[in-house]
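J.: Here you go, one structure.
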Amino acid sequence: MNFEFTVRHEPPISFVDFAGKLTAANSSAFLQDLGDLMSTEEFSLKVLVDMSRVEFLDSSGIGSLLTLHKRFRDDGGQMVFHSITPNVSGILSLLNLQKVFYISENAVTAQQMLETVS
């Protein structure tokens, strides 16, 4: 499976669903496609990212998520990942990225987290 995503806007929050494997083979195209789909202003908004259908991340995929995180942070937005699969959660934990990313168990608690982060 390739890496796919959808974006749904319900101001003031955007909802992004990721699915598949984010690897060196597709991470650059993913960042380009997402950048093309989202306007510059949207990187200053709040975004919930559903990771429930992400099967795998390699180092390039993690780099893409870090790049995305930095873009939101630099533009004044907030991004919360939620519903992370056990495989991906293990990778993020191993790299101690729960200290970098906002991560929540599910969409409800992720939305609550967005209301409290500054």
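To be explicit about the labels: the chains of the structure tokens are called A, B, and onward in the order shown, and within each one the residues are counted from 1, while ligands get numbers from 1 in the order they are shown.
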List the neighbours of Glu10 in chain A out to 12 Å using only C-alpha atoms; skip same-chain residues closer than 2 positions along the sequence, and give me the result as a list in words.
T.: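 Close residues of Glu10 in chain A: Val7, Arg8, Pro12, Ile13, Ser14, Phe15, Val16, Glu42, Leu45, Lys46, Val47 and Leu48 of chain A.
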J.: Save out the residues we just selected, N, CA and C atoms, as a PDB file, in the first residue's frame.
T.:
```
ATOM      1  N   VAL A   7      -7.676  15.329   3.686  1.00  0.00           N
ATOM      2  CA  VAL A   7      -7.775  16.503   4.544  1.00  0.00           C
ATOM      3  C   VAL A   7      -9.212  16.993   4.505  1.00  0.00           C
ATOM      4  N   ARG A   8      -9.752  17.228   5.690  1.00  0.00           N
ATOM      5  CA  ARG A   8     -11.114  17.751   5.818  1.00  0.00           C
ATOM      6  C   ARG A   8     -11.040  18.989   6.712  1.00  0.00           C
ATOM      7  N   PRO A  12     -12.409  25.822  13.392  1.00  0.00           N
ATOM      8  CA  PRO A  12     -10.986  26.170  13.327  1.00  0.00           C
ATOM      9  C   PRO A  12     -10.043  24.962  13.294  1.00  0.00           C
ATOM     10  N   ILE A  13     -10.575  23.770  13.033  1.00  0.00           N
ATOM     11  CA  ILE A  13      -9.739  22.563  13.040  1.00  0.00           C
ATOM     12  C   ILE A  13      -9.757  21.913  11.663  1.00  0.00           C
ATOM     13  N   SER A  14      -8.599  21.398  11.265  1.00  0.00           N
ATOM     14  CA  SER A  14      -8.516  20.553  10.074  1.00  0.00           C
ATOM     15  C   SER A  14      -8.270  19.126  10.539  1.00  0.00           C
ATOM     16  N   PHE A  15      -8.858  18.179   9.829  1.00  0.00           N
ATOM     17  CA  PHE A  15      -8.717  16.768  10.155  1.00  0.00           C
ATOM     18  C   PHE A  15      -7.974  16.094   9.014  1.00  0.00           C
ATOM     19  N   VAL A  16      -6.878  15.424   9.346  1.00  0.00           N
ATOM     20  CA  VAL A  16      -6.065  14.754   8.345  1.00  0.00           C
ATOM     21  C   VAL A  16      -6.019  13.277   8.700  1.00  0.00           C
ATOM     22  N   GLU A  42      -3.335  27.480   6.571  1.00  0.00           N
ATOM     23  CA  GLU A  42      -3.757  26.305   7.310  1.00  0.00           C
ATOM     24  C   GLU A  42      -2.672  25.757   8.232  1.00  0.00           C
ATOM     25  N   LEU A  45      -3.195  26.802  11.769  1.00  0.00           N
ATOM     26  CA  LEU A  45      -4.408  26.330  12.427  1.00  0.00           C
ATOM     27  C   LEU A  45      -4.131  25.108  13.302  1.00  0.00           C
ATOM     28  N   LYS A  46      -5.188  24.561  13.833  1.00  0.00           N
ATOM     29  CA  LYS A  46      -5.102  23.348  14.639  1.00  0.00           C
ATOM     30  C   LYS A  46      -5.473  22.158  13.765  1.00  0.00           C
ATOM     31  N   VAL A  47      -4.679  21.090  13.874  1.00  0.00           N
ATOM     32  CA  VAL A  47      -4.875  19.924  13.019  1.00  0.00           C
ATOM     33  C   VAL A  47      -4.844  18.653  13.853  1.00  0.00           C
ATOM     34  N   LEU A  48      -5.829  17.803  13.623  1.00  0.00           N
ATOM     35  CA  LEU A  48      -5.856  16.466  14.212  1.00  0.00           C
ATOM     36  C   LEU A  48      -5.459  15.475  13.130  1.00  0.00           C
TER      37      LEU A  48
END
```
J.: Tell me which protein, DNA and RNA residues are within 10 Å of range 26-40 of chain A, counting only C-alpha atoms, leaving out same-chain ones fewer than 4 positions away, and put them as a PyMOL selection string.
T.: chain A and resi 2-7+9+14+16+21-22+44-45+57-65+67-68+71-72+75
J.: Export, as a JSON list (two decimals), in the first residue's frame, the selected residues with N, CA and C atoms.
T.:
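New file part.json:
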```
[["chain", "number", "residue", "atom", "x", "y", "z"],
["A", 2, "ASN", "N", 0.57, 2.18, -0.86],
["A", 2, "ASN", "CA", 1.23, 3.47, -0.85],
["A", 2, "ASN", "C", 0.75, 4.28, 0.33],
["A", 3, "PHE", "N", 1.36, 5.41, 0.55],
["A", 3, "PHE", "CA", 0.91, 6.30, 1.61],
["A", 3, "PHE", "C", -0.11, 7.26, 1.05],
["A", 4, "GLU", "N", -1.25, 7.32, 1.70],
["A", 4, "GLU", "CA", -2.35, 8.18, 1.25],
["A", 4, "GLU", "C", -2.80, 9.06, 2.39],
["A", 5, "PHE", "N", -3.43, 10.16, 2.06],
["A", 5, "PHE", "CA", -3.98, 11.03, 3.09],
["A", 5, "PHE", "C", -5.17, 11.80, 2.54],
["A", 6, "THR", "N", -6.04, 12.17, 3.45],
["A", 6, "THR", "CA", -7.16, 13.04, 3.12],
["A", 6, "THR", "C", -7.17, 14.19, 4.12],
["A", 7, "VAL", "N", -7.68, 15.33, 3.69],
["A", 7, "VAL", "CA", -7.78, 16.50, 4.54],
["A", 7, "VAL", "C", -9.21, 16.99, 4.50],
["A", 9, "HIS", "N", -11.61, 20.08, 6.27],
["A", 9, "HIS", "CA", -11.54, 21.33, 7.01],
["A", 9, "HIS", "C", -12.88, 21.61, 7.68],
["A", 14, "SER", "N", -8.60, 21.40, 11.27],
["A", 14, "SER", "CA", -8.52, 20.55, 10.07],
["A", 14, "SER", "C", -8.27, 19.13, 10.54],
["A", 16, "VAL", "N", -6.88, 15.42, 9.35],
["A", 16, "VAL", "CA", -6.06, 14.75, 8.35],
["A", 16, "VAL", "C", -6.02, 13.28, 8.70],
["A", 21, "LYS", "N", 2.08, 3.09, 4.33],
["A", 21, "LYS", "CA", 3.47, 3.05, 4.79],
["A", 21, "LYS", "C", 4.17, 4.31, 4.32],
["A", 22, "LEU", "N", 4.71, 5.08, 5.27],
["A", 22, "LEU", "CA", 5.45, 6.30, 4.93],
["A", 22, "LEU", "C", 6.94, 5.97, 4.98],
["A", 44, "SER", "N", -1.15, 27.48, 10.21],
["A", 44, "SER", "CA", -1.27, 28.25, 11.45],
["A", 44, "SER", "C", -2.50, 27.82, 12.24],
["A", 45, "LEU", "N", -3.19, 26.80, 11.77],
["A", 45, "LEU", "CA", -4.41, 26.33, 12.43],
["A", 45, "LEU", "C", -4.13, 25.11, 13.30],
["A", 57, "LEU", "N", 6.46, 3.27, 9.48],
["A", 57, "LEU", "CA", 7.26, 4.47, 9.22],
["A", 57, "LEU", "C", 8.72, 4.05, 9.22],
["A", 58, "ASP", "N", 9.49, 4.48, 8.22],
["A", 58, "ASP", "CA", 10.93, 4.29, 8.30],
["A", 58, "ASP", "C", 11.54, 5.64, 8.68],
["A", 59, "SER", "N", 12.87, 5.74, 8.66],
["A", 59, "SER", "CA", 13.52, 6.97, 9.09],
["A", 59, "SER", "C", 13.11, 8.17, 8.23],
["A", 60, "SER", "N", 12.91, 7.96, 6.95],
["A", 60, "SER", "CA", 12.46, 9.05, 6.07],
["A", 60, "SER", "C", 11.03, 9.47, 6.42],
["A", 61, "GLY", "N", 10.19, 8.52, 6.74],
["A", 61, "GLY", "CA", 8.82, 8.83, 7.15],
["A", 61, "GLY", "C", 8.80, 9.63, 8.44],
["A", 62, "ILE", "N", 9.64, 9.25, 9.38],
["A", 62, "ILE", "CA", 9.74, 10.00, 10.63],
["A", 62, "ILE", "C", 10.26, 11.40, 10.35],
["A", 63, "GLY", "N", 11.24, 11.51, 9.46],
["A", 63, "GLY", "CA", 11.74, 12.82, 9.06],
["A", 63, "GLY", "C", 10.65, 13.69, 8.47],
["A", 64, "SER", "N", 9.77, 13.09, 7.69],
["A", 64, "SER", "CA", 8.64, 13.83, 7.12],
["A", 64, "SER", "C", 7.69, 14.33, 8.20],
["A", 65, "LEU", "N", 7.41, 13.50, 9.19],
["A", 65, "LEU", "CA", 6.54, 13.93, 10.28],
["A", 65, "LEU", "C", 7.19, 15.05, 11.08],
["A", 67, "THR", "N", 9.36, 17.23, 9.87],
["A", 67, "THR", "CA", 9.28, 18.41, 9.01],
["A", 67, "THR", "C", 7.90, 19.05, 9.09],
["A", 68, "LEU", "N", 6.88, 18.21, 9.05],
["A", 68, "LEU", "CA", 5.50, 18.69, 9.14],
["A", 68, "LEU", "C", 5.25, 19.35, 10.49],
["A", 71, "ARG", "N", 6.87, 22.75, 10.57],
["A", 71, "ARG", "CA", 6.13, 23.72, 9.76],
["A", 71, "ARG", "C", 4.93, 24.27, 10.53],
["A", 72, "PHE", "N", 4.18, 23.39, 11.18],
["A", 72, "PHE", "CA", 3.05, 23.85, 11.98],
["A", 72, "PHE", "C", 3.52, 24.73, 13.13],
["A", 75, "ASP", "N", 4.69, 28.19, 11.98],
["A", 75, "ASP", "CA", 3.62, 29.03, 11.48],
["A", 75, "ASP", "C", 2.54, 29.32, 12.52]]
```
J.: Work out how far CA of Arg73 in chain A is from CA of Thr23 in chain A, in Å to one decimal.
T.: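 Result for CA of Thr23 in chain A versus CA of Arg73 in chain A: 23.0 Å, one decimal.
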J.: Per DSSP on the backbone, what are the alpha helix (DSSP H) residues of chain A, as JSON, numbers by chain?
T.: {"A": [27, 28, 29, 30, 31, 32, 33, 34, 35, 36, 37, 59, 60, 61, 62, 63, 64, 65, 66, 67, 68, 69, 70, 71, 72, 73, 74, 86, 87, 88, 89, 90, 91, 92, 93, 94, 107, 108, 109, 110, 111, 112, 113, 114, 115, 116]}
J.: Go ahead and save the residues from that selection, with C-alpha atoms, as a PDB file, in the first residue's frame.
T.:
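Okay, this is what ended up in out22.pdb:
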```pdb
ATOM      1  CA  SER A  27       8.014  10.675   1.919  1.00  0.00           C
ATOM      2  CA  SER A  28       9.184  13.532  -0.328  1.00  0.00           C
ATOM      3  CA  ALA A  29       6.114  13.245  -2.548  1.00  0.00           C
ATOM      4  CA  PHE A  30       3.917  13.123   0.564  1.00  0.00           C
ATOM      5  CA  LEU A  31       5.330  16.413   1.888  1.00  0.00           C
ATOM      6  CA  GLN A  32       4.975  18.052  -1.519  1.00  0.00           C
ATOM      7  CA  ASP A  33       1.407  16.822  -2.013  1.00  0.00           C
ATOM      8  CA  LEU A  34       0.320  17.845   1.479  1.00  0.00           C
ATOM      9  CA  GLY A  35       1.935  21.269   1.046  1.00  0.00           C
ATOM     10  CA  ASP A  36       0.087  21.691  -2.254  1.00  0.00           C
ATOM     11  CA  LEU A  37      -3.223  20.667  -0.705  1.00  0.00           C
ATOM     12  CA  SER A  59      13.519   6.974   9.094  1.00  0.00           C
ATOM     13  CA  SER A  60      12.456   9.048   6.072  1.00  0.00           C
ATOM     14  CA  GLY A  61       8.822   8.830   7.155  1.00  0.00           C
ATOM     15  CA  ILE A  62       9.743   9.998  10.631  1.00  0.00           C
ATOM     16  CA  GLY A  63      11.745  12.821   9.062  1.00  0.00           C
ATOM     17  CA  SER A  64       8.635  13.835   7.115  1.00  0.00           C
ATOM     18  CA  LEU A  65       6.542  13.927  10.281  1.00  0.00           C
ATOM     19  CA  LEU A  66       9.222  16.027  11.991  1.00  0.00           C
ATOM     20  CA  THR A  67       9.284  18.415   9.013  1.00  0.00           C
ATOM     21  CA  LEU A  68       5.502  18.690   9.143  1.00  0.00           C
ATOM     22  CA  HIS A  69       5.580  19.271  12.903  1.00  0.00           C
ATOM     23  CA  LYS A  70       8.176  22.034  12.478  1.00  0.00           C
ATOM     24  CA  ARG A  71       6.129  23.716   9.756  1.00  0.00           C
ATOM     25  CA  PHE A  72       3.046  23.854  11.984  1.00  0.00           C
ATOM     26  CA  ARG A  73       5.057  25.051  14.981  1.00  0.00           C
ATOM     27  CA  ASP A  74       6.875  27.761  12.983  1.00  0.00           C
ATOM     28  CA  PRO A  86       1.024  -0.364  17.990  1.00  0.00           C
ATOM     29  CA  ASN A  87       3.811  -0.750  15.396  1.00  0.00           C
ATOM     30  CA  VAL A  88       4.119   2.983  14.813  1.00  0.00           C
ATOM     31  CA  SER A  89       3.718   3.755  18.514  1.00  0.00           C
ATOM     32  CA  GLY A  90       6.635   1.449  19.254  1.00  0.00           C
ATOM     33  CA  ILE A  91       8.837   3.263  16.749  1.00  0.00           C
ATOM     34  CA  LEU A  92       7.900   6.698  18.109  1.00  0.00           C
ATOM     35  CA  SER A  93       8.492   5.532  21.694  1.00  0.00           C
ATOM     36  CA  LEU A  94      11.836   3.987  20.839  1.00  0.00           C
ATOM     37  CA  ALA A 107      -9.842  11.667  18.368  1.00  0.00           C
ATOM     38  CA  VAL A 108     -11.850  12.861  21.379  1.00  0.00           C
ATOM     39  CA  THR A 109      -8.853  13.288  23.668  1.00  0.00           C
ATOM     40  CA  ALA A 110      -6.843  14.730  20.767  1.00  0.00           C
ATOM     41  CA  GLN A 111      -9.437  17.443  20.278  1.00  0.00           C
ATOM     42  CA  GLN A 112      -9.396  18.160  24.005  1.00  0.00           C
ATOM     43  CA  MET A 113      -5.604  18.375  23.838  1.00  0.00           C
ATOM     44  CA  LEU A 114      -5.818  20.930  21.019  1.00  0.00           C
ATOM     45  CA  GLU A 115      -7.949  23.111  23.258  1.00  0.00           C
ATOM     46  CA  THR A 116      -5.286  23.142  25.979  1.00  0.00           C
TER      47      THR A 116
END
```
J.: Would you give me, as a VMD selection string, the residues in range 3-39 of chain A that DSSP reads as strand (DSSP E)?
T.: chain A and resid 4 to 10 13 to 22
J.: Restricting the output to N, CA and C atoms, write the selected residues as an mmCIF file, in the first residue's frame.
T.:
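out.cif written:
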```
data_model
loop_
_atom_site.group_PDB
_atom_site.id
_atom_site.type_symbol
_atom_site.label_atom_id
_atom_site.label_comp_id
_atom_site.auth_asym_id
_atom_site.auth_seq_id
_atom_site.Cartn_x
_atom_site.Cartn_y
_atom_site.Cartn_z
ATOM 1 N N GLU A 4 -1.253 7.321 1.696
ATOM 2 C CA GLU A 4 -2.347 8.177 1.245
ATOM 3 C C GLU A 4 -2.802 9.055 2.394
ATOM 4 N N PHE A 5 -3.429 10.165 2.064
ATOM 5 C CA PHE A 5 -3.985 11.030 3.094
ATOM 6 C C PHE A 5 -5.167 11.795 2.545
ATOM 7 N N THR A 6 -6.042 12.173 3.452
ATOM 8 C CA THR A 6 -7.165 13.044 3.120
ATOM 9 C C THR A 6 -7.166 14.191 4.122
ATOM 10 N N VAL A 7 -7.676 15.329 3.686
ATOM 11 C CA VAL A 7 -7.775 16.503 4.544
ATOM 12 C C VAL A 7 -9.212 16.993 4.505
ATOM 13 N N ARG A 8 -9.752 17.228 5.690
ATOM 14 C CA ARG A 8 -11.114 17.751 5.818
ATOM 15 C C ARG A 8 -11.040 18.989 6.712
ATOM 16 N N HIS A 9 -11.606 20.080 6.266
ATOM 17 C CA HIS A 9 -11.541 21.333 7.014
ATOM 18 C C HIS A 9 -12.883 21.610 7.684
ATOM 19 N N GLU A 10 -12.820 21.793 8.994
ATOM 20 C CA GLU A 10 -13.979 22.218 9.771
ATOM 21 C C GLU A 10 -13.482 23.290 10.734
ATOM 22 N N ILE A 13 -10.575 23.770 13.033
ATOM 23 C CA ILE A 13 -9.739 22.563 13.040
ATOM 24 C C ILE A 13 -9.757 21.913 11.663
ATOM 25 N N SER A 14 -8.599 21.398 11.265
ATOM 26 C CA SER A 14 -8.516 20.553 10.074
ATOM 27 C C SER A 14 -8.270 19.126 10.539
ATOM 28 N N PHE A 15 -8.858 18.179 9.829
ATOM 29 C CA PHE A 15 -8.717 16.768 10.155
ATOM 30 C C PHE A 15 -7.974 16.094 9.014
ATOM 31 N N VAL A 16 -6.878 15.424 9.346
ATOM 32 C CA VAL A 16 -6.065 14.754 8.345
ATOM 33 C C VAL A 16 -6.019 13.277 8.700
ATOM 34 N N ASP A 17 -6.297 12.425 7.728
ATOM 35 C CA ASP A 17 -6.223 10.976 7.909
ATOM 36 C C ASP A 17 -5.076 10.446 7.073
ATOM 37 N N PHE A 18 -4.153 9.728 7.712
ATOM 38 C CA PHE A 18 -3.038 9.092 7.030
ATOM 39 C C PHE A 18 -3.315 7.608 6.915
ATOM 40 N N ALA A 19 -2.825 6.979 5.833
ATOM 41 C CA ALA A 19 -2.982 5.532 5.667
ATOM 42 C C ALA A 19 -1.822 4.981 4.853
ATOM 43 N N GLY A 20 -1.333 3.816 5.259
ATOM 44 C CA GLY A 20 -0.305 3.117 4.497
ATOM 45 C C GLY A 20 1.043 3.130 5.164
ATOM 46 N N LYS A 21 2.080 3.093 4.335
ATOM 47 C CA LYS A 21 3.467 3.054 4.794
ATOM 48 C C LYS A 21 4.172 4.311 4.317
ATOM 49 N N LEU A 22 4.713 5.079 5.267
ATOM 50 C CA LEU A 22 5.451 6.296 4.930
ATOM 51 C C LEU A 22 6.936 5.965 4.983
#
```
J.: At what distance in Å, to one decimal, does CA of His82 in chain A lie from CA of Asp50 in chain A?
T.: 5.3 Å
J.: Report, in Å with one decimal, the straight-line distance from CA of Val54 in chain A to CA of Ser83 in chain A.
T.: 9.6 Å
J.: Using only C-alpha atoms, which residue out of A:Ile84, A:Leu95, A:Val49, A:Met79 lies closest to Val117 in chain A?
T.: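 Closest residue, counting only C-alpha atoms: A:Met79.
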